[in-house]
Structures are given as C-alpha cells and as structure tokens.
Amino acid sequence: MAAPGVAACGGSWFSALALGVTLLKCLLIPTYHSTDFEVHRNWLAITHSLPISQWYYEATSEWTLDYPPFFAWFEYALSHVAKYFDQEMLNIHNLNYSSSRTLLFQRFSVIFTDALFVYAVHECCKCIDGKKAGKELTEKPKFILSVLLLWNFGLLIVDHIHFQYNGFLFGLMLLSIARLFQKRHMEGALLFAVLLHFKHIYLYVAPAYGIYLLRSYCFTANKPDGSIRWNSFSFIRLISLGLIVFLVSALSLGPFLALNQLPQVLSRLFPFKRGLCHAYWAPNFWALYNALDKVLSVIGLELKLLDPNKIPKASMTSGLVQQFQHTVLPSVTPLATLICTLMAILPSVFCLWFKPQGPRGFLRCLILCALSSFLFGWHVHEKAILLAVLPMRKDKTLFNWMETFYLLGLAPLEIFCEFVFPFTSWKLKYPFIPLLLTSVYCAVGITYAWFRLYVSVLTDPPVGKTKKQ
C-alpha cells in the first residue's frame, strides 16, 4: 500500500510502518462500533436506492444525510461494491442492520480508503529536510513524522473503532499541504477545494489557505524586508485559483442548484438547532463556560438564591444533543460563537499576511485556525481536535515541568472518574461530574497549547526574501 517511492522517504521502514498499522486495523474489525456505523450504512442505502433529488430529503432514519455532495457520491460509489457483500444493507427500511458481511464491508472500506492517507504521509515526508537528522532511525524527523501520523491513536480510535472515514479525508488535507510545501500551489488549491465538498468542517482552515495562496502565489515577489511588492500581483493566477474553486463547487452543488434544492442541502449541512455543545462536551472554551454556569447554579441552589422550578429543563449534561438555556450565565447563540471564532482566527491570518514565514508560517496558521474553531465553534465534536493535531509537526522543545505535570495528571483524573466516583454518594446527585471534570481538565490543556502557539507566531520575526516564497 505504501510501496511506491518508499526510498524517497527513507527506506523499507515506511512500508513496515504502513503494513503494521494496516494489520492492526484488521485486528480491530470485530471491536465495538458507534452509531456512526449505522449512519454510514444508511447513507449507503439512501444514495444507492433513491434518485439524487431525494438524497437530502430522505428522513426514514434519524441519521439523515448531512455531508456535502462529494461525500454522498463517495457513498454512492461504495454502495455499488457493497451490493456484492450484502444487498440487505442497502435497504433504507432496514434500520440498525448489521450483518457480519456488512461489518466486514464497512470496516474494509475504511481500511482500503486509508491508502490515500498513507500516500499523503509519504508525500509529507518528502517535505522534511533530513540533512540534520541523527544516525539512529528513531532520531530521523521523517520516521518520527510517519509514526505520529500513521500510528495516530486518536485517528485509529475514531475511524477503526468508533467508525468514520477521517483517514481518507485527512489524506486529502495532508496531500494538499504537501503540495503547497512543494510549491505546487494549483494542485494544493484543487485538493483543498475538493476536500471542502467532502466534509465542510474544513471550512475552519479555509482562511489559512486563502490568505497563503493570495500572499505567496498571486503575488510573485517580496521586498528584501519580506513585505509585498504590490506591482508583482498576477491577475492570471488569481483567476486560475478562482476558476478551480468555481468548477469544483459547480460540479458538487450544480445538480442541486438545477433541482432548486440548494437551500435544503445547506440546511442539512449547517443544523444550528443541535445546540452549543455535543452530548459529550468537546474540551473547549464552552466546556469551561458550561462548567462555570453549572457550578454557579449548584451554589445558587444550595444557598437558595435560585428557584429550582425556574431552572431550564434541557440540561447541558443530559447526554442528549439539544438546545438548552444556561442557568446563570447568558446563553450563547450561533452568532456569538461565530464572532468569537473569527476574532480568535484573525491574528494568525494577520501574521500570515504581514509576517510571511513561507510554508511553515502557513502550517502554523492552519493549526491556529483549527484550534480557534475547536475552542470557540458551535456544536463542536470532541474528535474535531484531530483537525489541529494531525497537521502539527514535531516541536524542537521538550515539555517543561509544568506541561509534564499536567499530562501526568490525566491518569489520576481518569482513575477517579472511572473507578472511584461510581462508588461515591455523588453519583446520583451530581452524575455530570465525570464529564465536567474530564472536559474542563482537557480544555485547560488545549487552551494553553493554543495560547502558547499564538505567542510563538506573534513573536517570531518574518522571513525576508527577495522573491516569491
């Protein structure tokens, strides 16, 4: 699966890493899977059994199609292979259908499409300068990067236990990043445009792509101090990038525009009625906000400052995906989260424009955009942190004592939540405590990482070059 060009990445060790993780994925086939397994089975059935005009209206199952059209066509293509495994999985009315053949097909479809991810990692390895690498294999940056990406445990859990196709999608993103590092800007732009029409969550990092391509591709030269030579602007290059975005969007959304169904598609892609937080809080700013509101409400009830009858029934800790009202603090609207996200992203985009640092600056801006949207976005899933984690490269500095102490603190936290708390008297009165503690503790760490990276980006000097990055 990773044989082509292995020599360029450092030798047979890359093939061994790819083969090893593939075998591990095969061992995970019979493990637990989440409701997303049924989600994707239902999407196979929808795209296979119904005409395109009904794809975004079908609602027999609660798991309606809510990904962009390219992913729908991806499911359509898979369905034509699925019918040779078990035709019954393609029946819309077979809700929660899970035969052994269905399990094998869906698991192997994820493993097979991960080939794109393996290839993308291989291409990313080519972008690393290995001249200063140590003699030992484990000291080589390419080896370290390959292990961190191919054997990323978060991705293995989400895709090969929980069940999703993130490896395939992240493969597109990493390949687009590699192409920008290789100065193949048009290919990078095309890959990212296609990716957006596979899964719209990648809109979060679109500002990094847009500003970098405008700054480093449409402007063809810089002054010695790194600032723009305004007379170097290439209108032809701008038109070329715009044409890529237009053609990809037309191919994806054109059929639904012709059917006058674009509003329906968009309503499925952006369902703001799901509420501020997912059932399991993503460890972001709103987890801290919710925790503070919960603590204040408990204190208010204990001191009889709040009327129990006026407490909102829909609770943020109920385990349900729903809208709710905060008890003490002001409730948060989708517009408020959008404003917070944009404000958090803007400084990184500003630095990318005025303090150019080449592809490295683009990558750091991308990571900050992903972290900012994770911290302040609306209805963020906890697994969305992969959007920031996977593009990260190895930092040159080791953890300091405070960061090491924080990471070690995760162990006693989990021991308390899993083995101590269930036997306490708090279990019935305060069942939300394990969720609250875990989300808040992790939110503190992610917020710290976001802040530390921002300080680094804002304080690093620009890279002055007399020609285009």
# chains A, B, ... in the order shown; residues from 1 in each chain; ligands from 1
$ residues_around --residues "Leu180 in chain A" --least-positions-apart "2" --cutoff "12 Å" --atoms "only C-alpha atoms" --output "MDAnalysis selection string"
chainID A and resid 123:124 127 173:178 182:192 208:209 212:213 216:217 358:363 469
$ residues_around --residues "range 75-92 of chain A" --least-positions-apart "4" --cutoff "10 Å" --atoms "only C-alpha atoms" --output "PyMOL selection string"
chain A and resi 38+40-50+58-61+69-71+96-106+109
$ write_last_selection --atoms "N, CA and C atoms" --output "PDB file, in the first residue's frame"
ATOM      1  N   GLU A  38     -24.092   2.836  11.753  1.00  0.00           N
ATOM      2  CA  GLU A  38     -25.428   2.842  11.170  1.00  0.00           C
ATOM      3  C   GLU A  38     -25.642   4.082  10.311  1.00  0.00           C
ATOM      4  N   HIS A  40     -23.469   5.597   8.371  1.00  0.00           N
ATOM      5  CA  HIS A  40     -22.892   5.397   7.041  1.00  0.00           C
ATOM      6  C   HIS A  40     -23.587   4.260   6.292  1.00  0.00           C
ATOM      7  N   ARG A  41     -24.094   3.257   6.998  1.00  0.00           N
ATOM      8  CA  ARG A  41     -24.882   2.227   6.315  1.00  0.00           C
ATOM      9  C   ARG A  41     -26.137   2.838   5.721  1.00  0.00           C
ATOM     10  N   ASN A  42     -26.767   3.743   6.482  1.00  0.00           N
ATOM     11  CA  ASN A  42     -27.981   4.398   5.988  1.00  0.00           C
ATOM     12  C   ASN A  42     -27.681   5.279   4.782  1.00  0.00           C
ATOM     13  N   TRP A  43     -26.533   5.940   4.799  1.00  0.00           N
ATOM     14  CA  TRP A  43     -26.167   6.771   3.652  1.00  0.00           C
ATOM     15  C   TRP A  43     -25.878   5.923   2.420  1.00  0.00           C
ATOM     16  N   LEU A  44     -25.311   4.738   2.619  1.00  0.00           N
ATOM     17  CA  LEU A  44     -25.152   3.806   1.505  1.00  0.00           C
ATOM     18  C   LEU A  44     -26.509   3.483   0.894  1.00  0.00           C
ATOM     19  N   ALA A  45     -27.493   3.217   1.760  1.00  0.00           N
ATOM     20  CA  ALA A  45     -28.829   2.849   1.302  1.00  0.00           C
ATOM     21  C   ALA A  45     -29.512   4.017   0.586  1.00  0.00           C
ATOM     22  N   ILE A  46     -29.373   5.218   1.124  1.00  0.00           N
ATOM     23  CA  ILE A  46     -30.010   6.394   0.529  1.00  0.00           C
ATOM     24  C   ILE A  46     -29.475   6.651  -0.867  1.00  0.00           C
ATOM     25  N   THR A  47     -28.165   6.698  -0.999  1.00  0.00           N
ATOM     26  CA  THR A  47     -27.568   7.050  -2.292  1.00  0.00           C
ATOM     27  C   THR A  47     -27.736   5.934  -3.322  1.00  0.00           C
ATOM     28  N   HIS A  48     -27.854   4.682  -2.853  1.00  0.00           N
ATOM     29  CA  HIS A  48     -27.998   3.568  -3.780  1.00  0.00           C
ATOM     30  C   HIS A  48     -29.444   3.391  -4.238  1.00  0.00           C
ATOM     31  N   SER A  49     -30.388   3.623  -3.330  1.00  0.00           N
ATOM     32  CA  SER A  49     -31.788   3.288  -3.603  1.00  0.00           C
ATOM     33  C   SER A  49     -32.624   4.438  -4.143  1.00  0.00           C
ATOM     34  N   LEU A  50     -32.204   5.656  -3.917  1.00  0.00           N
ATOM     35  CA  LEU A  50     -33.024   6.806  -4.270  1.00  0.00           C
ATOM     36  C   LEU A  50     -32.358   7.657  -5.343  1.00  0.00           C
ATOM     37  N   GLU A  58     -34.638  12.588   2.271  1.00  0.00           N
ATOM     38  CA  GLU A  58     -34.948  11.300   2.906  1.00  0.00           C
ATOM     39  C   GLU A  58     -34.751  11.380   4.416  1.00  0.00           C
ATOM     40  N   ALA A  59     -35.776  10.940   5.183  1.00  0.00           N
ATOM     41  CA  ALA A  59     -35.719  11.047   6.649  1.00  0.00           C
ATOM     42  C   ALA A  59     -36.337   9.831   7.333  1.00  0.00           C
ATOM     43  N   THR A  60     -36.288   8.651   6.677  1.00  0.00           N
ATOM     44  CA  THR A  60     -36.799   7.436   7.323  1.00  0.00           C
ATOM     45  C   THR A  60     -36.034   7.161   8.608  1.00  0.00           C
ATOM     46  N   SER A  61     -34.727   7.306   8.538  1.00  0.00           N
ATOM     47  CA  SER A  61     -33.874   7.161   9.717  1.00  0.00           C
ATOM     48  C   SER A  61     -33.585   8.534  10.305  1.00  0.00           C
ATOM     49  N   PRO A  69     -22.100  17.098  -1.076  1.00  0.00           N
ATOM     50  CA  PRO A  69     -22.392  16.177  -2.181  1.00  0.00           C
ATOM     51  C   PRO A  69     -21.263  15.237  -2.574  1.00  0.00           C
ATOM     52  N   PHE A  70     -20.010  15.670  -2.529  1.00  0.00           N
ATOM     53  CA  PHE A  70     -18.932  14.762  -2.912  1.00  0.00           C
ATOM     54  C   PHE A  70     -18.901  13.526  -2.005  1.00  0.00           C
ATOM     55  N   PHE A  71     -19.189  13.719  -0.720  1.00  0.00           N
ATOM     56  CA  PHE A  71     -19.208  12.562   0.169  1.00  0.00           C
ATOM     57  C   PHE A  71     -20.415  11.682  -0.143  1.00  0.00           C
ATOM     58  N   ASN A  96     -30.721  -0.017  11.577  1.00  0.00           N
ATOM     59  CA  ASN A  96     -29.804  -0.693  12.508  1.00  0.00           C
ATOM     60  C   ASN A  96     -29.395  -2.084  12.022  1.00  0.00           C
ATOM     61  N   TYR A  97     -29.365  -2.251  10.711  1.00  0.00           N
ATOM     62  CA  TYR A  97     -28.978  -3.538  10.127  1.00  0.00           C
ATOM     63  C   TYR A  97     -27.469  -3.713  10.233  1.00  0.00           C
ATOM     64  N   SER A  98     -27.021  -4.863  10.724  1.00  0.00           N
ATOM     65  CA  SER A  98     -25.586  -5.087  10.919  1.00  0.00           C
ATOM     66  C   SER A  98     -25.250  -6.571  10.838  1.00  0.00           C
ATOM     67  N   SER A  99     -25.223  -7.085   9.623  1.00  0.00           N
ATOM     68  CA  SER A  99     -24.834  -8.483   9.434  1.00  0.00           C
ATOM     69  C   SER A  99     -23.311  -8.582   9.449  1.00  0.00           C
ATOM     70  N   SER A 100     -22.797  -9.802   9.506  1.00  0.00           N
ATOM     71  CA  SER A 100     -21.346  -9.999   9.518  1.00  0.00           C
ATOM     72  C   SER A 100     -20.711  -9.503   8.220  1.00  0.00           C
ATOM     73  N   ARG A 101     -21.410  -9.681   7.104  1.00  0.00           N
ATOM     74  CA  ARG A 101     -20.878  -9.206   5.821  1.00  0.00           C
ATOM     75  C   ARG A 101     -20.905  -7.682   5.740  1.00  0.00           C
ATOM     76  N   THR A 102     -21.937  -7.095   6.318  1.00  0.00           N
ATOM     77  CA  THR A 102     -21.996  -5.633   6.365  1.00  0.00           C
ATOM     78  C   THR A 102     -20.848  -5.078   7.192  1.00  0.00           C
ATOM     79  N   LEU A 103     -20.584  -5.726   8.314  1.00  0.00           N
ATOM     80  CA  LEU A 103     -19.484  -5.312   9.176  1.00  0.00           C
ATOM     81  C   LEU A 103     -18.161  -5.395   8.431  1.00  0.00           C
ATOM     82  N   LEU A 104     -17.926  -6.506   7.751  1.00  0.00           N
ATOM     83  CA  LEU A 104     -16.674  -6.684   7.021  1.00  0.00           C
ATOM     84  C   LEU A 104     -16.526  -5.642   5.914  1.00  0.00           C
ATOM     85  N   PHE A 105     -17.604  -5.399   5.179  1.00  0.00           N
ATOM     86  CA  PHE A 105     -17.516  -4.436   4.082  1.00  0.00           C
ATOM     87  C   PHE A 105     -17.190  -3.046   4.601  1.00  0.00           C
ATOM     88  N   GLN A 106     -17.932  -2.609   5.611  1.00  0.00           N
ATOM     89  CA  GLN A 106     -17.741  -1.235   6.074  1.00  0.00           C
ATOM     90  C   GLN A 106     -16.360  -1.054   6.720  1.00  0.00           C
ATOM     91  N   SER A 109     -13.814  -1.031   3.936  1.00  0.00           N
ATOM     92  CA  SER A 109     -13.892   0.182   3.112  1.00  0.00           C
ATOM     93  C   SER A 109     -13.082   1.313   3.735  1.00  0.00           C
TER      94      SER A 109
END
$ select_by_dssp --residues "range 224-286 of chain A" --states "helix (DSSP H, G or I)" --output "number ranges by chain"
A: 230-232, 235-258, 262-269, 272-274, 285-286
$ closest_residue --among "A:Ala16, A:Leu371, A:Ala72, A:Leu413" --to "Leu150 in chain A" --atoms "only C-alpha atoms"
A:Ala16
$ closest_atom_pairs --of "range 371-451 of chain A" --to "range 164-170 of chain A" --cutoff "10 Å" --atoms "only C-alpha atoms" --output "CSV"
residue,atom,partner,partner_atom,distance
A:Lys383,CA,A:Asn166,CA,9.9
A:Leu386,CA,A:Phe170,CA,9.0
A:Leu387,CA,A:Phe170,CA,8.0
A:Leu390,CA,A:Phe170,CA,8.0
A:Pro391,CA,A:Phe170,CA,9.1
$ write_last_selection --atoms "N, CA, C and O atoms" --output "short mmCIF file (atom, residue, chain, number, x, y, z; two decimals), in the first residue's frame"
data_model
loop_
_atom_site.label_atom_id
_atom_site.label_comp_id
_atom_site.auth_asym_id
_atom_site.auth_seq_id
_atom_site.Cartn_x
_atom_site.Cartn_y
_atom_site.Cartn_z
N LYS A 383 -13.88 14.83 18.68
CA LYS A 383 -12.91 14.28 17.72
C LYS A 383 -12.42 15.31 16.72
O LYS A 383 -11.46 15.05 15.98
N LEU A 386 -8.66 16.45 16.02
CA LEU A 386 -7.74 15.84 15.04
C LEU A 386 -7.40 16.82 13.92
O LEU A 386 -6.33 16.73 13.31
N LEU A 387 -8.31 17.75 13.64
CA LEU A 387 -8.07 18.73 12.58
C LEU A 387 -6.85 19.59 12.89
O LEU A 387 -6.16 20.05 11.97
N LEU A 390 -3.30 16.53 13.67
CA LEU A 390 -2.61 15.83 12.59
C LEU A 390 -1.66 16.72 11.78
O LEU A 390 -0.58 16.26 11.39
N PRO A 391 -2.00 17.98 11.50
CA PRO A 391 -1.03 18.80 10.75
C PRO A 391 0.18 19.24 11.57
O PRO A 391 1.14 19.77 11.01
#
$ closest_residue --among "A:Thr438, A:Ser240, A:Ser267, A:Ser232" --to "Tyr67 in chain A" --atoms "only C-alpha atoms"
A:Ser267
$ residues_around --residues "Val265 in chain A" --least-positions-apart "6" --cutoff "8 Å" --atoms "only C-alpha atoms" --output "number ranges by chain"
A: 56, 66, 68, 256
$ write_last_selection --atoms "N, CA and C atoms" --output "PDB file, in the first residue's frame"
ATOM      1  N   TYR A  56     -31.212  14.493  -0.035  1.00  0.00           N
ATOM      2  CA  TYR A  56     -31.189  15.411   1.109  1.00  0.00           C
ATOM      3  C   TYR A  56     -32.582  15.691   1.678  1.00  0.00           C
ATOM      4  N   ASP A  66     -26.083  14.438   5.941  1.00  0.00           N
ATOM      5  CA  ASP A  66     -25.739  15.824   6.287  1.00  0.00           C
ATOM      6  C   ASP A  66     -24.284  16.157   5.968  1.00  0.00           C
ATOM      7  N   PRO A  68     -21.534  17.096   2.580  1.00  0.00           N
ATOM      8  CA  PRO A  68     -21.607  17.697   1.238  1.00  0.00           C
ATOM      9  C   PRO A  68     -21.725  16.648   0.130  1.00  0.00           C
ATOM     10  N   PHE A 256     -27.817  20.130  -7.572  1.00  0.00           N
ATOM     11  CA  PHE A 256     -28.829  20.518  -6.578  1.00  0.00           C
ATOM     12  C   PHE A 256     -29.334  21.932  -6.825  1.00  0.00           C
TER      13      PHE A 256
END
$ atom_distance --atom1 "CA of Ile244 in chain A" --atom2 "CA of Val194 in chain A"
9.5 Å
$ atom_distance --atom1 "CA of Trp426 in chain A" --atom2 "CA of Leu329 in chain A"
24.2 Å
$ closest_residue --among "A:Asp114, A:Glu302, A:Asp129, A:Glu136" --to "Asp159 in chain A" --atoms "only C-alpha atoms"
A:Asp114
$ residues_around --residues "range 372-382 of chain A" --least-positions-apart "4" --cutoff "7 Å" --atoms "only C-alpha atoms" --output "list in words"
Tyr204, Arg274, Gly275, Leu276, Cys277, His278, Trp281, Ala282, Pro283, Asn284, Phe285, Trp286, Pro334, Thr337, Leu338, Cys340, Thr341, Ala344, Ile345 and Leu368 of chain A
